[in-house]
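**Student:** Take a look at this one; I'll ask things after.
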Protein chains: 2
Amino acid sequence: MHPTLIVGSVAFDTLHIGGKCHTKVLGGSATYASIAATHFGPVQLVGVVGRDFPDTATRLLRDRGVDLAGLEVTDGETFHWEGRYSDDLSSRETLRTDLNVFADFRPKIPSTFRSTPFVMLGNIDPALQMEVLEQITRPKLVLADTMNLWIDIRRDELCELCKRVDVLVLNDEEARQLTDEKNLVVAARALHALGPKTVIIKKGEHGALLLQGQDVFSLPALPLADVADPTGAGDTFAGALMGFLARSGDISSANLRRAVVYGSVLASFCVQGVSTSRIANATAEDVLARYNEFQRLTSF
Amino acid sequence: MHPTLIVGSVAFDTLHIGGKCHTKVLGGSATYASIAATHFGPVQLVGVVGRDFPDTATRLLRDRGVDLAGLEVTDGETFHWEGRYSDDLSSRETLRTDLNVFADFRPKIPSTFRSTPFVMLGNIDPALQMEVLEQITRPKLVLADTMNLWIDIRRDELCELCKRVDVLVLNDEEARQLTDEKNLVVAARALHALGPKTVIIKKGEHGALLLQGQDVFSLPALPLADVADPTGAGDTFAGALMGFLARSGDISSANLRRAVVYGSVLASFCVQGVSTSRIANATAEDVLARYNEFQRLTSF
């Protein structure tokens, strides 16, 4: 069992969903990904928070097996994002982004984390993702997540990063945007050409595609009647996927398919609770039962 | 091996796709469904065409094993639809609809077709779909397809029809529209409450959902780099699904899952050619190879 190194944001989110407001709940790409990955093994988190970050949150992470040696605490306030979801939860608008201490974040990888074989570069500026790669020895597997913002304002840096990434994770719109190709199969070919041998395209309620050249795996999402909060589902997906790969140490194509299923298992729990509540309290039995539910959902 | 009775439209389509115009190519819900179903067994078609319907088209259908005893030929011109697809083929606008002889269509089921056990009510006015049910003895399985137009202008008739339908097929937007529920799982429950024990929700490039109460099957679509023409994919899906069920005579839940896969197999061929070209020339080997491709696409 290997640990997973996860670099990303640690944040407070204020969420307006279905007429309710959830004020300053725990959020951030590294937070969601780390909690998801701890279902499979130990996690090393690298991020930054302000002095206002509560002990309850650090305790939650530590109790789940997250090594916080790389969590910087600096003067100022923690990154805070506020957003409002549409009624059908299919889209959201940003009401407010206070970068706070995150504005000057430069990831510093503790020496004990530098040879960790499984590395997840959570969704942050690709220039910072590259700085992480500069500080570590060549790992067994590097996964990078990204978003439309970086495609807009850091396209060159993102393309440079892609040369050194094994698994690129992005959503369908971002895949189209980065490659300027409307057809997802053609877009995936263009993404392969940028460097990553493995491309994972997240499609939200429509599932996920895993592409490795001609080898394509498509997994539908679990149809859920009770979606409470979609925030962090993508980060959760990638974190669980990496945690599972790190536990098994097996990066074969067959095992990557299983990793996509475990990613989707944790993502399905994620959306059923507000903030990280459901991924933090899901048991090993819950995770196994839902893996079997994906088997029943897809087998013929 | 049972025959499949298919009632629906037989038409000419003029299609504007990717800068090209395909003038008066073969179209219509019964046409696509019938050709798809003949991959599995004999078909009995009920529809109407005008005097302009060419011998080449009737010969194509007859050569594939479609019994045309129920295809009325009346004075006037064949139904003609003209539409333009968006560049990414995700949407289309109707440029022209000439109902012609279809305007007065009243389905007349030949006596030799009245006890056929597998019946597909293709996408036509639900009042006409009901007239078909009035003319036949209780079949083993009735499938009804529909569209947004009938939900708009024939909602009561459609709900009445649903009481007598075993399998309701519609797309995700239509499922939401008919039930006024945004969540598809909740919408499916409401559709079950209308009557159909089996609900199939088509999601285009995102695949299809088969719901029978708590038993849910989700199949992604085959990711294709070469989509030529999406017209008729839904009719093709339903036709192949019914043809497969009729061949096996098995309407168990497990066999319905396989039927959804065969429906998706033929739908994937459908979109790769303009009009019915690709579903008409696909061989038994092509169909089997693509079924296996769906296995590889989805297994973990």
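We name chains A, B, ... following the order of the structure tokens; residues begin at 1 in each chain, and ligands are numbered from 1 as shown.
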If you count only C-alpha atoms, which residues fall within 9 Å of range 174-187 of chain B, apart from same-chain ones fewer than 6 positions away, as a ChimeraX atom specification?
**Tutor:** /A:87-88,223-227 /B:146-148,151-152,155,201,211
**Student:** Print the selection's residues with C-alpha atoms to a file, as an mmCIF file, in the first residue's frame.
**Tutor:**
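Generated file (out05.cif):
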```
data_model
loop_
_atom_site.group_PDB
_atom_site.id
_atom_site.type_symbol
_atom_site.label_atom_id
_atom_site.label_comp_id
_atom_site.auth_asym_id
_atom_site.auth_seq_id
_atom_site.Cartn_x
_atom_site.Cartn_y
_atom_site.Cartn_z
ATOM 1 C CA ASP A 87 -32.778 24.467 -9.593
ATOM 2 C CA ASP A 88 -31.927 21.269 -11.499
ATOM 3 C CA PRO A 223 -28.816 7.374 -11.344
ATOM 4 C CA LEU A 224 -29.707 9.047 -8.032
ATOM 5 C CA ALA A 225 -33.041 10.386 -6.848
ATOM 6 C CA ASP A 226 -31.447 12.360 -4.011
ATOM 7 C CA VAL A 227 -28.749 14.748 -5.204
ATOM 8 C CA THR B 146 -43.363 9.219 -28.543
ATOM 9 C CA MET B 147 -42.009 12.770 -28.847
ATOM 10 C CA ASN B 148 -42.280 16.268 -27.377
ATOM 11 C CA ILE B 151 -46.677 15.688 -24.959
ATOM 12 C CA ASP B 152 -47.492 19.288 -25.916
ATOM 13 C CA ARG B 155 -51.004 14.796 -23.311
ATOM 14 C CA ILE B 201 -35.031 6.752 -21.471
ATOM 15 C CA LEU B 211 -35.927 1.106 -15.656
#
```
**Student:** Show me, as a compact mmCIF listing (two decimals) with N, CA and C atoms, in the first residue's frame, the residues that have an atom within 6 Å of range 130-141 of chain A when counting only C-alpha atoms, minus same-chain residues fewer than 5 positions from it.
**Tutor:**
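And here is the file that came out, result-v6.txt:
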```txt
# COMPACT_ATOMS: atom_id res chain seq x y z
N ARG A 114 8.60 13.61 -1.05
CA ARG A 114 9.12 13.85 -2.40
C ARG A 114 9.31 12.62 -3.27
N SER A 115 9.29 11.44 -2.63
CA SER A 115 9.43 10.24 -3.46
C SER A 115 8.16 9.38 -3.43
N PRO A 117 5.06 7.63 -4.76
CA PRO A 117 4.92 7.17 -6.16
C PRO A 117 3.62 7.58 -6.86
N PHE A 118 2.57 7.93 -6.10
CA PHE A 118 1.29 8.30 -6.73
C PHE A 118 0.98 9.76 -6.39
```
**Student:** Return as a list of chain:residue names the residues belonging to chain A that are within 6 Å of chain B, counting only C-alpha atoms.
**Tutor:**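 Per the criterion, chain A yields A:Val185, A:Val186, A:Val216, A:Phe217, A:Ser218, A:Ala225, A:Arg257, A:Arg258, A:Leu297, A:Thr298, A:Phe300.
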**Student:** Quick one: DSSP alpha helix (DSSP H) residues in range 113-263 of chain A, as a PyMOL selection string?
**Tutor:** chain A and resi 126-135+148-153+155-162+172-179+184-194+233-248+253-263
**Student:** I'd like the interatomic distance between CA of Ile17 in chain B and CA of Gly232 in chain B, to a tenth of an Å.
**Tutor:**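 Value for the CA of Ile17 in chain B-CA of Gly232 in chain B distance: 14.0 Å.
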**Student:** What is the distance between CA of Gln272 in chain B and CA of Gly65 in chain B, in Å to one decimal?
**Tutor:**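 CA of Gly65 in chain B lies 22.8 Å from CA of Gln272 in chain B.
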**Student:** Run DSSP on the backbone of this structure and report the residues of range 70-262 of chain B it assigns to strand (DSSP E), as a VMD selection string.
**Tutor:** chain B and resid 70 to 74 80 to 85 92 to 98 118 to 121 141 to 145 167 to 171 198 to 202 208 to 212 215 to 219
**Student:** When you draw a straight line from CA of Gln214 in chain B to CA of Phe244 in chain B, how long is it in Å?
**Tutor:**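 According to the coordinates, CA of Gln214 in chain B and CA of Phe244 in chain B are separated by 23.7 Å.
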**Student:** I want to know what sits within 7 Å of Val265 in chain B, based on only C-alpha atoms, with residues of the same chain fewer than 4 positions away left out; could you give that as a PyMOL selection string?
**Tutor:** chain B and resi 261+269+287+290-291
**Student:** Which residues come within 7 Å of Pro42 in chain A, counting only C-alpha atoms, excluding same-chain residues fewer than 2 positions away, as JSON, numbers by chain?
**Tutor:** {"A": [3, 4, 38, 44, 65, 66]}
**Student:** What does the file look like for those residues with all heavy atoms, as a short mmCIF file (atom, residue, chain, number, x, y, z; two decimals), in the first residue's frame?
**Tutor:**
```cif
data_model
loop_
_atom_site.label_atom_id
_atom_site.label_comp_id
_atom_site.auth_asym_id
_atom_site.auth_seq_id
_atom_site.Cartn_x
_atom_site.Cartn_y
_atom_site.Cartn_z
N PRO A 3 1.24 5.53 -0.21
CA PRO A 3 0.43 6.73 0.04
C PRO A 3 0.18 7.47 -1.28
O PRO A 3 0.83 7.21 -2.28
CB PRO A 3 1.32 7.56 0.97
CG PRO A 3 2.70 7.10 0.71
CD PRO A 3 2.64 5.70 0.18
N THR A 4 -0.78 8.38 -1.24
CA THR A 4 -1.08 9.24 -2.38
C THR A 4 -0.76 10.68 -1.98
O THR A 4 -1.21 11.14 -0.93
CB THR A 4 -2.56 9.15 -2.76
OG1 THR A 4 -2.92 7.78 -2.95
CG2 THR A 4 -2.85 9.93 -4.04
N THR A 38 -8.61 8.53 1.20
CA THR A 38 -8.36 7.82 2.46
C THR A 38 -9.22 6.57 2.61
O THR A 38 -8.96 5.76 3.50
CB THR A 38 -8.62 8.73 3.69
OG1 THR A 38 -9.96 9.23 3.63
CG2 THR A 38 -7.62 9.86 3.77
N GLN A 44 -1.06 12.15 1.68
CA GLN A 44 -0.22 13.28 2.06
C GLN A 44 -0.78 14.51 1.36
O GLN A 44 -0.80 14.55 0.12
CB GLN A 44 1.22 13.02 1.60
CG GLN A 44 1.82 11.76 2.24
CD GLN A 44 3.06 11.25 1.51
OE1 GLN A 44 3.27 11.57 0.33
NE2 GLN A 44 3.86 10.45 2.19
N GLY A 65 -6.51 9.74 8.30
CA GLY A 65 -5.22 9.25 7.78
C GLY A 65 -4.57 10.20 6.80
O GLY A 65 -3.76 9.78 5.97
N VAL A 66 -4.90 11.49 6.90
CA VAL A 66 -4.25 12.47 6.04
C VAL A 66 -3.07 13.07 6.79
O VAL A 66 -3.24 13.64 7.88
CB VAL A 66 -5.23 13.59 5.61
CG1 VAL A 66 -4.54 14.59 4.69
CG2 VAL A 66 -6.47 13.01 4.94
#
```
**Student:** So which residues touch range 157-165 of chain A within 10 Å, counting only C-alpha atoms, skipping near sequence neighbours fewer than 2 positions away, as a PyMOL selection string?
**Tutor:** chain A and resi 119-121+125-131+133+138+141-144+146+150-151+153-155+167-168+178+191-198
**Student:** Compare B:Val7, B:Ala267, B:Ile279, B:Val169 by their minimum atom-to-atom distance to Lys108 in chain B, counting only C-alpha atoms, and give me the closest one.
**Tutor:**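 Selected residue with least distance to Lys108 in chain B: B:Val7.
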